[in-house]
>>> print(open('model_36.cif').read())   # mmCIF, C-alpha atoms
data_upload
#
loop_
_atom_site.label_atom_id
_atom_site.label_comp_id
_atom_site.auth_asym_id
_atom_site.auth_seq_id
_atom_site.Cartn_x
_atom_site.Cartn_y
_atom_site.Cartn_z
CA MET A 1 -58.90 34.34 -50.65
CA ASN A 2 -58.16 34.72 -46.96
CA ASP A 3 -54.69 33.30 -46.32
CA LEU A 4 -56.03 31.03 -43.57
CA HIS A 5 -58.74 29.50 -45.75
CA PHE A 6 -56.61 26.43 -46.41
CA LEU A 7 -56.67 25.53 -42.71
CA LYS A 8 -60.02 23.83 -43.22
CA GLN A 9 -58.89 20.22 -43.52
CA THR A 10 -60.25 16.83 -42.63
CA PRO A 11 -62.06 16.89 -39.26
CA GLY A 12 -59.68 16.04 -36.44
CA GLU A 13 -56.64 17.55 -38.14
CA GLU A 14 -55.16 20.94 -37.41
CA LEU A 15 -52.90 23.14 -39.53
CA LEU A 16 -51.96 26.23 -37.55
CA LEU A 17 -50.14 29.39 -38.62
CA THR A 18 -48.66 31.22 -35.64
CA GLU A 19 -45.71 33.18 -34.30
CA ASP A 20 -46.13 31.69 -30.82
CA PRO A 21 -45.98 27.89 -31.05
CA ALA A 22 -45.67 27.23 -27.30
CA PRO A 23 -49.43 26.69 -26.74
CA PHE A 24 -49.47 24.31 -29.71
CA TYR A 25 -46.55 22.34 -28.32
CA ARG A 26 -48.17 22.03 -24.91
CA LYS A 27 -51.55 21.11 -26.40
CA TYR A 28 -50.18 18.08 -28.23
CA ALA A 29 -47.52 16.99 -25.73
CA LYS A 30 -49.44 14.07 -24.24
CA GLY A 31 -47.73 11.37 -22.21
CA ARG A 32 -44.18 10.45 -23.10
CA CYS A 33 -42.98 12.62 -25.97
CA ALA A 34 -40.27 12.07 -28.54
CA VAL A 35 -39.00 14.69 -30.97
CA PHE A 36 -37.12 14.15 -34.21
CA THR A 37 -34.89 16.91 -35.59
CA GLY A 38 -32.16 17.47 -38.13
CA GLY A 39 -28.84 19.06 -37.26
CA LYS A 40 -27.92 22.51 -36.00
CA GLY A 41 -30.59 24.32 -37.98
CA VAL A 42 -33.20 23.93 -35.25
CA GLU A 43 -30.86 25.65 -32.79
CA ALA A 44 -30.04 28.45 -35.24
CA ASN A 45 -33.69 29.29 -35.88
CA GLY A 46 -34.73 28.94 -32.23
CA ALA A 47 -37.17 26.09 -32.80
CA TRP A 48 -35.42 23.65 -30.49
CA GLN A 49 -35.07 26.15 -27.65
CA GLU A 50 -38.76 27.04 -27.81
CA PHE A 51 -39.89 23.44 -28.04
CA SER A 52 -37.69 22.23 -25.19
CA ALA A 53 -38.89 25.09 -22.98
CA ALA A 54 -42.52 24.14 -23.63
CA VAL A 55 -41.96 20.35 -23.47
CA PRO A 56 -38.90 19.91 -21.24
CA ASP A 57 -39.22 16.16 -20.76
CA ALA A 58 -39.26 15.17 -24.44
CA GLU A 59 -36.57 12.76 -25.62
CA ARG A 60 -34.74 13.87 -28.75
CA PHE A 61 -33.39 12.01 -31.75
CA CYS A 62 -31.31 14.42 -33.81
CA GLY A 63 -29.04 14.46 -36.83
CA ILE A 64 -31.50 13.31 -39.50
CA GLU A 65 -29.77 14.06 -42.78
CA GLU A 66 -31.07 15.60 -45.97
CA GLU A 67 -32.45 12.85 -48.20
CA PRO A 68 -32.73 10.38 -45.27
CA GLY A 69 -31.91 6.76 -46.00
CA THR A 70 -33.40 3.47 -44.91
CA GLU A 71 -30.66 3.03 -42.31
CA THR A 72 -31.65 6.29 -40.61
CA VAL A 73 -35.30 5.25 -40.53
CA GLU A 74 -34.30 1.94 -38.98
CA ARG A 75 -32.35 3.74 -36.22
CA MET A 76 -35.32 6.02 -35.61
CA THR A 77 -37.62 3.02 -35.41
CA ALA A 78 -35.34 1.36 -32.83
CA PHE A 79 -35.43 4.61 -30.81
CA LEU A 80 -39.25 4.50 -30.85
CA ASP A 81 -39.38 0.79 -30.02
CA LYS A 82 -37.22 1.34 -26.97
CA GLY A 83 -38.94 4.47 -25.69
CA LYS A 84 -42.62 3.50 -25.83
CA PHE A 85 -43.69 7.07 -26.60
CA ASP A 86 -47.21 8.43 -26.69
CA THR A 87 -46.60 11.49 -28.91
CA ILE A 88 -44.13 12.05 -31.73
CA PHE A 89 -43.07 15.52 -32.85
CA ALA A 90 -40.99 16.19 -35.97
CA ILE A 91 -39.32 19.61 -36.22
CA GLY A 92 -37.34 20.37 -39.35
CA GLY A 93 -37.44 20.34 -43.13
CA GLY A 94 -39.24 17.85 -45.30
CA SER A 95 -36.53 15.25 -44.77
CA VAL A 96 -37.13 15.19 -41.03
CA LEU A 97 -40.89 15.04 -41.43
CA ASP A 98 -40.70 12.28 -44.05
CA ALA A 99 -38.32 10.17 -41.99
CA ALA A 100 -40.49 10.58 -38.88
CA LYS A 101 -43.57 9.46 -40.80
CA ALA A 102 -41.79 6.36 -42.07
CA ALA A 103 -40.30 5.44 -38.69
CA TYR A 104 -43.61 5.87 -36.85
CA LEU A 105 -45.37 3.77 -39.48
CA VAL A 106 -42.84 0.94 -39.15
CA HIS A 107 -42.87 1.20 -35.35
CA GLN A 108 -46.65 0.89 -35.09
CA THR A 109 -47.28 -1.70 -37.77
CA GLY A 110 -44.32 -3.95 -37.15
CA GLU A 111 -43.96 -4.25 -40.91
CA PRO A 112 -40.49 -4.08 -42.50
CA LEU A 113 -39.85 -0.72 -44.12
CA LYS A 114 -39.38 -2.31 -47.54
CA GLU A 115 -42.92 -3.72 -47.35
CA LEU A 116 -44.44 -0.27 -46.86
CA PHE A 117 -43.10 1.42 -49.99
CA GLY A 118 -45.93 2.04 -52.43
CA VAL A 119 -49.51 3.29 -52.14
CA ASN A 120 -51.47 2.51 -48.96
CA LYS A 121 -49.65 -0.79 -48.49
CA TYR A 122 -50.70 -0.94 -44.82
CA SER A 123 -54.14 0.67 -44.79
CA ALA A 124 -55.29 -1.38 -47.78
CA ARG A 125 -54.66 -4.53 -45.76
CA PHE A 126 -55.95 -3.21 -42.44
CA PRO A 127 -58.48 -0.47 -43.29
CA LYS A 128 -60.17 -0.50 -39.89
CA ILE A 129 -57.04 -0.20 -37.74
CA PRO A 130 -56.23 3.48 -37.14
CA LEU A 131 -52.65 4.53 -36.45
CA ARG A 132 -51.30 7.42 -34.43
CA ARG A 133 -49.71 10.16 -36.49
CA ILE A 134 -46.87 12.61 -36.04
CA ILE A 135 -47.12 16.27 -35.01
CA ALA A 136 -45.26 18.26 -37.67
CA VAL A 137 -43.41 21.58 -37.34
CA PRO A 138 -41.84 22.45 -40.71
CA THR A 139 -38.84 24.79 -40.70
CA THR A 140 -38.59 25.13 -44.49
CA SER A 141 -41.20 26.30 -46.98
CA GLY A 142 -41.48 23.92 -49.87
CA THR A 143 -42.04 20.20 -49.37
CA GLY A 144 -45.57 20.47 -47.99
CA SER A 145 -44.89 17.29 -46.01
CA GLU A 146 -46.80 18.81 -43.08
CA ALA A 147 -50.01 18.29 -45.08
CA THR A 148 -49.40 15.16 -47.13
CA GLN A 149 -49.44 11.38 -46.92
CA TYR A 150 -46.03 11.10 -48.59
CA SER A 151 -42.67 10.01 -47.23
CA ASN A 152 -39.60 9.90 -49.49
CA ILE A 153 -36.77 7.67 -48.31
CA VAL A 154 -33.49 6.81 -50.04
CA ASP A 155 -32.50 3.18 -50.45
CA LYS A 156 -28.76 3.78 -50.69
CA SER A 157 -27.95 0.15 -51.40
CA ALA A 158 -30.09 0.31 -54.54
CA GLY A 159 -29.20 3.93 -55.31
CA VAL A 160 -32.85 4.98 -55.61
CA LYS A 161 -35.35 7.08 -53.72
CA LYS A 162 -38.54 5.26 -52.76
CA LEU A 163 -41.97 6.59 -51.87
CA ILE A 164 -44.43 5.70 -49.16
CA ALA A 165 -47.90 7.06 -49.90
CA GLU A 166 -49.95 6.07 -46.88
CA ALA A 167 -53.19 7.79 -45.91
CA GLN A 168 -52.37 7.34 -42.25
CA CYS A 169 -49.10 9.26 -42.63
CA VAL A 170 -50.85 12.64 -42.91
CA PRO A 171 -49.76 14.46 -39.73
CA GLU A 172 -52.37 14.75 -37.01
CA ALA A 173 -51.47 18.41 -36.63
CA ALA A 174 -48.95 20.85 -38.05
CA CYS A 175 -47.70 24.20 -36.83
CA LEU A 176 -46.30 26.75 -39.29
CA VAL A 177 -43.96 29.27 -37.65
CA PRO A 178 -42.72 31.50 -40.48
CA ARG A 179 -39.80 33.01 -38.53
CA TYR A 180 -38.28 29.53 -38.25
CA THR A 181 -37.59 29.75 -41.99
CA GLU A 182 -35.66 33.03 -41.78
CA THR A 183 -32.34 31.27 -41.18
CA MET A 184 -32.61 29.21 -44.37
CA PRO A 185 -29.70 30.05 -46.70
CA HIS A 186 -30.45 31.49 -50.11
CA HIS A 187 -30.02 28.20 -51.99
CA VAL A 188 -32.41 26.36 -49.65
CA THR A 189 -35.00 29.15 -49.88
CA LEU A 190 -34.77 28.94 -53.67
CA ALA A 191 -34.93 25.14 -53.92
CA THR A 192 -37.78 24.74 -51.44
CA GLY A 193 -39.69 27.63 -52.97
CA CYS A 194 -39.37 26.01 -56.38
CA ASP A 195 -40.54 22.70 -54.92
CA ALA A 196 -43.67 24.42 -53.61
CA LEU A 197 -44.27 26.05 -57.00
CA ALA A 198 -43.83 22.74 -58.80
CA HIS A 199 -46.36 21.08 -56.46
CA LEU A 200 -48.86 23.86 -57.03
CA ILE A 201 -48.60 24.02 -60.82
CA GLU A 202 -48.34 20.27 -61.35
CA GLY A 203 -51.40 19.75 -59.18
CA PHE A 204 -53.31 22.56 -60.88
CA LEU A 205 -52.58 21.12 -64.33
CA ASN A 206 -53.70 17.64 -63.25
CA VAL A 207 -57.12 18.02 -64.85
CA GLY A 208 -57.92 14.34 -64.48
CA ALA A 209 -57.95 14.63 -60.69
CA ASP A 210 -60.25 17.65 -60.39
CA SER A 211 -62.99 15.63 -58.68
CA ASN A 212 -60.75 14.48 -55.83
CA HIS A 213 -61.39 17.60 -53.73
CA PRO A 214 -63.50 20.68 -54.49
CA GLY A 215 -60.98 23.07 -52.96
CA ALA A 216 -57.75 21.81 -54.51
CA ASN A 217 -57.69 24.05 -57.59
CA SER A 218 -58.40 27.18 -55.56
CA TRP A 219 -55.62 26.22 -53.13
CA ALA A 220 -53.28 25.78 -56.08
CA LEU A 221 -54.17 29.09 -57.71
CA HIS A 222 -53.74 31.00 -54.47
CA GLY A 223 -50.43 29.28 -53.78
CA ILE A 224 -49.06 29.99 -57.26
CA GLU A 225 -49.93 33.66 -56.81
CA LEU A 226 -48.17 33.74 -53.43
CA VAL A 227 -44.98 32.18 -54.81
CA LYS A 228 -44.97 34.49 -57.83
CA ASN A 229 -45.40 37.54 -55.59
CA PHE A 230 -43.29 36.62 -52.59
CA LEU A 231 -40.50 34.18 -53.48
CA PRO A 232 -38.31 36.95 -54.99
CA SER A 233 -38.47 38.98 -51.77
CA ALA A 234 -38.19 35.86 -49.59
CA LEU A 235 -34.84 35.30 -51.28
CA LYS A 236 -33.87 38.65 -49.74
CA ASN A 237 -35.20 37.42 -46.36
CA ALA A 238 -38.20 39.75 -46.00
CA SER A 239 -40.18 38.55 -42.97
CA GLU A 240 -43.64 39.01 -44.48
CA SER A 241 -42.53 37.14 -47.58
CA ARG A 242 -41.37 34.26 -45.40
CA ARG A 243 -44.86 34.13 -43.91
CA GLN A 244 -46.52 34.06 -47.30
CA MET A 245 -44.14 31.36 -48.54
CA ALA A 246 -44.97 29.20 -45.51
CA ILE A 247 -48.62 29.47 -46.51
CA ALA A 248 -47.81 28.71 -50.15
CA ALA A 249 -45.86 25.60 -49.21
CA ALA A 250 -48.74 24.25 -47.13
CA LEU A 251 -51.14 25.03 -49.96
CA GLY A 252 -48.86 23.04 -52.24
CA GLY A 253 -48.95 20.14 -49.81
CA MET A 254 -52.73 20.28 -49.61
CA THR A 255 -52.94 20.39 -53.40
CA ILE A 256 -50.78 17.32 -54.06
CA ARG A 257 -52.46 15.47 -51.23
CA PHE A 258 -55.49 15.26 -53.52
CA LYS A 259 -54.03 15.93 -56.99
CA SER A 260 -50.75 14.17 -57.59
CA THR A 261 -47.68 15.59 -59.24
CA GLY A 262 -46.82 14.64 -62.81
CA LEU A 263 -43.86 14.03 -65.09
CA PRO A 264 -41.41 16.54 -63.54
CA HIS A 265 -41.54 14.76 -60.21
CA LEU A 266 -41.57 11.33 -61.82
CA CYS A 267 -38.48 12.01 -63.92
CA SER A 268 -36.41 13.79 -61.25
CA PHE A 269 -37.34 11.49 -58.39
CA SER A 270 -33.99 9.75 -58.01
CA TRP A 271 -31.58 12.53 -58.93
CA PHE A 272 -30.80 13.02 -55.24
CA GLY A 273 -27.26 14.14 -54.53
CA ARG A 274 -26.90 15.55 -58.06
CA ILE A 275 -29.28 18.52 -57.99
CA ALA A 276 -31.71 19.97 -55.44
CA HIS A 277 -35.07 18.29 -55.87
CA GLY A 278 -37.09 21.49 -56.18
CA ILE A 279 -34.73 22.91 -58.80
CA ALA A 280 -34.90 19.71 -60.85
CA ALA A 281 -38.70 19.53 -60.77
CA ILE A 282 -39.23 23.17 -61.71
CA MET A 283 -36.72 22.96 -64.58
CA LEU A 284 -38.49 19.92 -66.03
CA LEU A 285 -41.87 21.60 -65.80
CA PRO A 286 -41.81 23.78 -68.98
CA GLU A 287 -41.13 20.90 -71.39
CA SER A 288 -43.49 18.57 -69.52
CA TRP A 289 -46.13 21.30 -69.67
CA ARG A 290 -45.65 21.63 -73.43
CA TYR A 291 -46.26 17.91 -73.77
CA TYR A 292 -49.43 18.24 -71.69
CA LEU A 293 -50.80 20.81 -74.14
CA GLY A 294 -51.76 17.90 -76.37
CA ASN A 295 -54.75 17.63 -74.01
CA PRO A 296 -57.20 20.48 -74.80
CA ALA A 297 -58.30 20.59 -71.15
CA VAL A 298 -54.73 21.45 -70.13
CA CYS A 299 -54.71 24.27 -72.67
CA GLU A 300 -57.83 25.70 -71.08
CA ARG A 301 -56.40 25.27 -67.58
CA THR A 302 -53.15 26.94 -68.63
CA MET A 303 -54.97 30.09 -69.73
CA LEU A 304 -56.31 30.51 -66.19
CA LEU A 305 -52.74 31.44 -65.27
CA LYS A 306 -52.35 34.24 -67.81
CA GLU A 307 -52.80 36.96 -65.17
CA LEU A 308 -49.77 35.59 -63.32
CA PHE A 309 -47.73 34.55 -66.35
CA PRO A 310 -48.92 36.88 -69.14
CA GLY A 311 -49.65 35.40 -72.53
CA GLU A 312 -52.38 35.13 -75.14
CA THR A 313 -51.70 31.47 -75.88
CA PRO A 314 -50.70 28.51 -73.72
CA GLU A 315 -47.19 28.58 -75.22
CA GLU A 316 -46.84 32.25 -74.26
CA VAL A 317 -47.97 31.49 -70.70
CA ILE A 318 -45.29 28.79 -70.42
CA ALA A 319 -42.71 31.20 -71.83
CA SER A 320 -43.71 33.80 -69.23
CA PHE A 321 -43.38 31.16 -66.54
CA ARG A 322 -39.86 30.41 -67.75
CA THR A 323 -39.12 34.17 -67.66
CA PHE A 324 -40.14 34.17 -64.00
CA LEU A 325 -37.69 31.32 -63.36
CA ASP A 326 -34.99 33.38 -65.07
CA SER A 327 -35.75 36.29 -62.73
CA ILE A 328 -35.09 34.22 -59.61
CA GLY A 329 -31.86 32.70 -60.91
CA ILE A 330 -32.92 29.29 -62.21
CA PRO A 331 -30.56 28.14 -64.99
CA ALA A 332 -32.04 27.85 -68.46
CA LYS A 333 -31.00 24.22 -68.95
CA LEU A 334 -30.09 21.22 -66.82
CA ASN A 335 -26.68 21.01 -68.46
CA ALA A 336 -25.66 23.78 -66.05
CA PHE A 337 -25.32 21.06 -63.40
CA PRO A 338 -22.12 19.01 -63.80
CA ASP A 339 -23.54 15.89 -62.16
CA LEU A 340 -26.25 15.61 -64.80
CA SER A 341 -25.56 14.21 -68.26
CA VAL A 342 -27.15 13.16 -71.52
CA ASP A 343 -26.62 9.54 -70.49
CA LEU A 344 -28.49 10.14 -67.22
CA MET A 345 -31.38 11.70 -69.14
CA LYS A 346 -31.63 8.61 -71.35
CA ARG A 347 -31.41 6.22 -68.40
CA THR A 348 -34.04 8.23 -66.55
CA ALA A 349 -36.40 8.04 -69.53
CA ALA A 350 -36.05 4.28 -69.57
CA SER A 351 -36.52 3.75 -65.83
CA ALA A 352 -39.27 6.34 -65.29
CA GLY A 353 -41.23 4.63 -68.03
CA GLU A 354 -41.60 1.62 -65.75
CA ASN A 355 -44.02 3.58 -63.53
CA LYS A 356 -47.16 2.71 -65.47
CA MET A 357 -49.57 4.25 -62.96
CA LYS A 358 -47.80 7.63 -62.94
CA LEU A 359 -47.71 7.66 -66.73
CA GLU A 360 -51.44 6.98 -66.93
CA LEU A 361 -52.26 9.71 -64.38
CA ALA A 362 -50.28 12.46 -66.13
CA PRO A 363 -52.41 15.43 -67.32
CA ARG A 364 -51.81 14.07 -70.80
CA PRO A 365 -51.36 10.32 -70.34
CA VAL A 366 -48.14 8.79 -71.64
CA PRO A 367 -48.69 5.52 -73.55
CA LEU A 368 -46.47 2.87 -72.01
CA GLU A 369 -45.14 1.68 -75.37
CA GLU A 370 -44.12 5.26 -76.27
CA SER A 371 -42.95 6.31 -72.83
CA LYS A 372 -39.22 6.01 -73.39
CA LEU A 373 -39.25 8.24 -76.47
CA ILE A 374 -41.69 10.79 -75.00
CA LEU A 375 -39.83 11.11 -71.70
CA GLN A 376 -36.46 11.19 -73.43
CA ASP A 377 -37.66 14.07 -75.62
CA ILE A 378 -38.80 16.04 -72.54
CA LEU A 379 -35.60 15.31 -70.65
CA LEU A 380 -33.16 16.06 -73.46
CA LYS A 381 -34.89 19.35 -74.30
CA SER A 382 -34.77 20.29 -70.61
CA TYR A 383 -31.10 19.32 -70.52
CA GLY A 384 -30.22 21.43 -73.54
CA GLU A 385 -29.83 18.89 -76.32
#
>>> encode(input="model_36.cif", output="structure tokens")
Amino acid sequence: MNDLHFLKQTPGEELLLTEDPAPFYRKYAKGRCAVFTGGKGVEANGAWQEFSAAVPDAERFCGIEEEPGTETVERMTAFLDKGKFDTIFAIGGGSVLDAAKAAYLVHQTGEPLKELFGVNKYSARFPKIPLRRIIAVPTTSGTGSEATQYSNIVDKSAGVKKLIAEAQCVPEAACLVPRYTETMPHHVTLATGCDALAHLIEGFLNVGADSNHPGANSWALHGIELVKNFLPSALKNASESRRQMAIAAALGGMTIRFKSTGLPHLCSFSWFGRIAHGIAAIMLLPESWRYYLGNPAVCERTMLLKELFPGETPEEVIASFRTFLDSIGIPAKLNAFPDLSVDLMKRTAASAGENKMKLELAPRPVPLEESKLILQDILLKSYGE
């Protein structure tokens, strides 16, 4: 597959891979522009300097934290309300992009943030009212937020991470500049790369969603191959590998845009602050995958990966996948992380089981009445019990 094949998206959207983003910035800088960024990372990688040179009059809101909270989104919304901007750029990792999506949604709809958590809470009520969307410039390779309708925001008062899944949150355009990712430290490269791989494999295994888009499985396969081949060298900061990982991350985003993630993402969703999200999801994948094998269609799908993860049976493919994780330094069990515990695994099994829709949409559906025991088994085996 040509590595630009995935750029064919919904008409009116653009997903560009380039080393010279200035023309892209100028193309989309219409009227009064605002730009959201994180901290010093956008200075270290040169993204801010290049953007501000191309769009010198943009007003900046900076300092968006990792795992942004509702309070940050509210401050961003107030910034937008005051500025009356025509175009919104978001330059940074998935946290910046997610927070910008949420703030722009609240700003335009006038709805309280808490009323927008869930699936298409706004567009289901007002299907004929189009919203403006952000312009995304990701500086990490993993979340795929540049291509998805998702925004993850932490409600710190409740101690949980909440999801907005809103069709009108898909960015209008996104610009991938691989060299922006070269300043990512090793642990961020690893965690974001694992997040991309989790998106790709979870989406690929989601056999029940195959009809959602004819290209999704080919995107996933190509992305898995890219991560397998290039994440190890990206961890050593090879420039070409950074480029391929940027592509893989976007492919992951495109995949989960149409084929949702499964039990690894469900179970690790609110472990923020304890373990990097991508690491948690990828470590939960082997045991979740083994559970999925109870569906014969997943067994067949698994064997399509045997060229990447050699094996003559589905179990051997999963074992080869785990060997790959070993090779890039992913711990064997979750008990390697001191902020995780057996008690947390049990509490997670109980709370995750409340998400009936996600349980039903898993590649092998999880019966609600058995969910606590099934999820607890997956979690405790992943933990090392």
>>> residues_around(input="model_36.cif", residues="Ala167 in chain A", least_positions_apart="2", cutoff="7 Å", atoms="only C-alpha atoms", output="list in words")
Asn120, Gln149, Ala165, Cys169 and Val170 of chain A
>>> write_last_selection(input="model_36.cif", atoms="C-alpha atoms", output="JSON list (two decimals), in the coordinates of the input")
[["chain", "number", "residue", "atom", "x", "y", "z"],
["A", 120, "ASN", "CA", -51.47, 2.51, -48.96],
["A", 149, "GLN", "CA", -49.44, 11.38, -46.92],
["A", 165, "ALA", "CA", -47.90, 7.06, -49.90],
["A", 169, "CYS", "CA", -49.10, 9.26, -42.63],
["A", 170, "VAL", "CA", -50.85, 12.64, -42.91]]
>>> residues_around(input="model_36.cif", residues="Ser270 in chain A", least_positions_apart="2", cutoff="12 Å", atoms="only C-alpha atoms", output="PyMOL selection string")
chain A and resi 67+152-156+158-163+264-268+272-277+280-281+340+344-345+347-349+351-352
>>> resolve_selection(input="model_36.cif", expression="the PyMOL selection byres ((chain A and resi 92-108) around 8)", output="PDB file with C-alpha atoms, in the coordinates of the input")
ATOM      1  CA  PHE A  36     -37.120  14.150 -34.210  1.00  0.00           C
ATOM      2  CA  THR A  37     -34.890  16.910 -35.590  1.00  0.00           C
ATOM      3  CA  GLY A  38     -32.160  17.470 -38.130  1.00  0.00           C
ATOM      4  CA  GLY A  41     -30.590  24.320 -37.980  1.00  0.00           C
ATOM      5  CA  VAL A  42     -33.200  23.930 -35.250  1.00  0.00           C
ATOM      6  CA  ILE A  64     -31.500  13.310 -39.500  1.00  0.00           C
ATOM      7  CA  GLU A  65     -29.770  14.060 -42.780  1.00  0.00           C
ATOM      8  CA  GLU A  66     -31.070  15.600 -45.970  1.00  0.00           C
ATOM      9  CA  GLU A  67     -32.450  12.850 -48.200  1.00  0.00           C
ATOM     10  CA  PRO A  68     -32.730  10.380 -45.270  1.00  0.00           C
ATOM     11  CA  THR A  72     -31.650   6.290 -40.610  1.00  0.00           C
ATOM     12  CA  VAL A  73     -35.300   5.250 -40.530  1.00  0.00           C
ATOM     13  CA  GLU A  74     -34.300   1.940 -38.980  1.00  0.00           C
ATOM     14  CA  MET A  76     -35.320   6.020 -35.610  1.00  0.00           C
ATOM     15  CA  THR A  77     -37.620   3.020 -35.410  1.00  0.00           C
ATOM     16  CA  ALA A  78     -35.340   1.360 -32.830  1.00  0.00           C
ATOM     17  CA  LEU A  80     -39.250   4.500 -30.850  1.00  0.00           C
ATOM     18  CA  ASP A  81     -39.380   0.790 -30.020  1.00  0.00           C
ATOM     19  CA  ALA A  90     -40.990  16.190 -35.970  1.00  0.00           C
ATOM     20  CA  ILE A  91     -39.320  19.610 -36.220  1.00  0.00           C
ATOM     21  CA  THR A 109     -47.280  -1.700 -37.770  1.00  0.00           C
ATOM     22  CA  GLY A 110     -44.320  -3.950 -37.150  1.00  0.00           C
ATOM     23  CA  GLU A 111     -43.960  -4.250 -40.910  1.00  0.00           C
ATOM     24  CA  PRO A 112     -40.490  -4.080 -42.500  1.00  0.00           C
ATOM     25  CA  LEU A 113     -39.850  -0.720 -44.120  1.00  0.00           C
ATOM     26  CA  LEU A 116     -44.440  -0.270 -46.860  1.00  0.00           C
ATOM     27  CA  LEU A 131     -52.650   4.530 -36.450  1.00  0.00           C
ATOM     28  CA  ARG A 133     -49.710  10.160 -36.490  1.00  0.00           C
ATOM     29  CA  ILE A 134     -46.870  12.610 -36.040  1.00  0.00           C
ATOM     30  CA  ALA A 136     -45.260  18.260 -37.670  1.00  0.00           C
ATOM     31  CA  VAL A 137     -43.410  21.580 -37.340  1.00  0.00           C
ATOM     32  CA  PRO A 138     -41.840  22.450 -40.710  1.00  0.00           C
ATOM     33  CA  THR A 139     -38.840  24.790 -40.700  1.00  0.00           C
ATOM     34  CA  THR A 140     -38.590  25.130 -44.490  1.00  0.00           C
ATOM     35  CA  GLY A 142     -41.480  23.920 -49.870  1.00  0.00           C
ATOM     36  CA  THR A 143     -42.040  20.200 -49.370  1.00  0.00           C
ATOM     37  CA  GLY A 144     -45.570  20.470 -47.990  1.00  0.00           C
ATOM     38  CA  SER A 145     -44.890  17.290 -46.010  1.00  0.00           C
ATOM     39  CA  GLU A 146     -46.800  18.810 -43.080  1.00  0.00           C
ATOM     40  CA  TYR A 150     -46.030  11.100 -48.590  1.00  0.00           C
ATOM     41  CA  SER A 151     -42.670  10.010 -47.230  1.00  0.00           C
ATOM     42  CA  ASN A 152     -39.600   9.900 -49.490  1.00  0.00           C
ATOM     43  CA  ILE A 153     -36.770   7.670 -48.310  1.00  0.00           C
ATOM     44  CA  ILE A 164     -44.430   5.700 -49.160  1.00  0.00           C
ATOM     45  CA  CYS A 169     -49.100   9.260 -42.630  1.00  0.00           C
TER      46      CYS A 169
END
>>> resolve_selection(input="model_36.cif", expression="the PyMOL selection byres ((chain A and resi 380) around 12)", output="JSON, numbers by chain")
{"A": [267, 283, 284, 287, 288, 333, 334, 335, 340, 341, 342, 343, 344, 345, 346, 347, 348, 349, 372, 373, 374, 375, 376, 377, 378, 379, 381, 382, 383, 384, 385]}
>>> atom_distance(input="model_36.cif", atom1="CA of Pro363 in chain A", atom2="CA of Pro232 in chain A")
28.5 Å
>>> atom_distance(input="model_36.cif", atom1="CA of Glu240 in chain A", atom2="CA of Glu19 in chain A")
11.9 Å
>>> decode(input="model_36.cif", residues="range 351-381 of chain A", atoms="C-alpha atoms", output="PDB file, in the first residue's frame")
ATOM      1  CA  SER A 351     -16.881  -0.438  37.168  1.00  0.00           C
ATOM      2  CA  ALA A 352     -15.988  -1.290  33.558  1.00  0.00           C
ATOM      3  CA  GLY A 353     -18.811  -3.801  33.588  1.00  0.00           C
ATOM      4  CA  GLU A 354     -21.247  -0.898  33.836  1.00  0.00           C
ATOM      5  CA  ASN A 355     -20.492   0.066  30.219  1.00  0.00           C
ATOM      6  CA  LYS A 356     -23.090  -2.195  28.631  1.00  0.00           C
ATOM      7  CA  MET A 357     -22.640  -0.836  25.104  1.00  0.00           C
ATOM      8  CA  LYS A 358     -18.867  -1.377  25.088  1.00  0.00           C
ATOM      9  CA  LEU A 359     -19.318  -4.906  26.422  1.00  0.00           C
ATOM     10  CA  GLU A 360     -21.801  -5.732  23.676  1.00  0.00           C
ATOM     11  CA  LEU A 361     -19.544  -4.314  20.939  1.00  0.00           C
ATOM     12  CA  ALA A 362     -16.441  -6.277  21.969  1.00  0.00           C
ATOM     13  CA  PRO A 363     -15.140  -8.715  19.294  1.00  0.00           C
ATOM     14  CA  ARG A 364     -16.481 -11.434  21.559  1.00  0.00           C
ATOM     15  CA  PRO A 365     -19.386  -9.838  23.425  1.00  0.00           C
ATOM     16  CA  VAL A 366     -19.244  -9.898  27.211  1.00  0.00           C
ATOM     17  CA  PRO A 367     -22.579 -10.873  28.826  1.00  0.00           C
ATOM     18  CA  LEU A 368     -23.505  -8.182  31.330  1.00  0.00           C
ATOM     19  CA  GLU A 369     -24.306 -10.680  34.084  1.00  0.00           C
ATOM     20  CA  GLU A 370     -20.870 -12.304  33.664  1.00  0.00           C
ATOM     21  CA  SER A 371     -18.906  -9.133  33.020  1.00  0.00           C
ATOM     22  CA  LYS A 372     -17.359  -8.734  36.457  1.00  0.00           C
ATOM     23  CA  LEU A 373     -15.900 -12.242  36.480  1.00  0.00           C
ATOM     24  CA  ILE A 374     -14.751 -12.142  32.838  1.00  0.00           C
ATOM     25  CA  LEU A 375     -13.090  -8.738  33.141  1.00  0.00           C
ATOM     26  CA  GLN A 376     -11.556  -9.616  36.491  1.00  0.00           C
ATOM     27  CA  ASP A 377     -10.009 -12.742  34.969  1.00  0.00           C
ATOM     28  CA  ILE A 378      -8.484 -10.689  32.121  1.00  0.00           C
ATOM     29  CA  LEU A 379      -7.230  -8.001  34.479  1.00  0.00           C
ATOM     30  CA  LEU A 380      -5.745 -10.286  37.116  1.00  0.00           C
ATOM     31  CA  LYS A 381      -3.932 -12.395  34.513  1.00  0.00           C
TER      32      LYS A 381
END
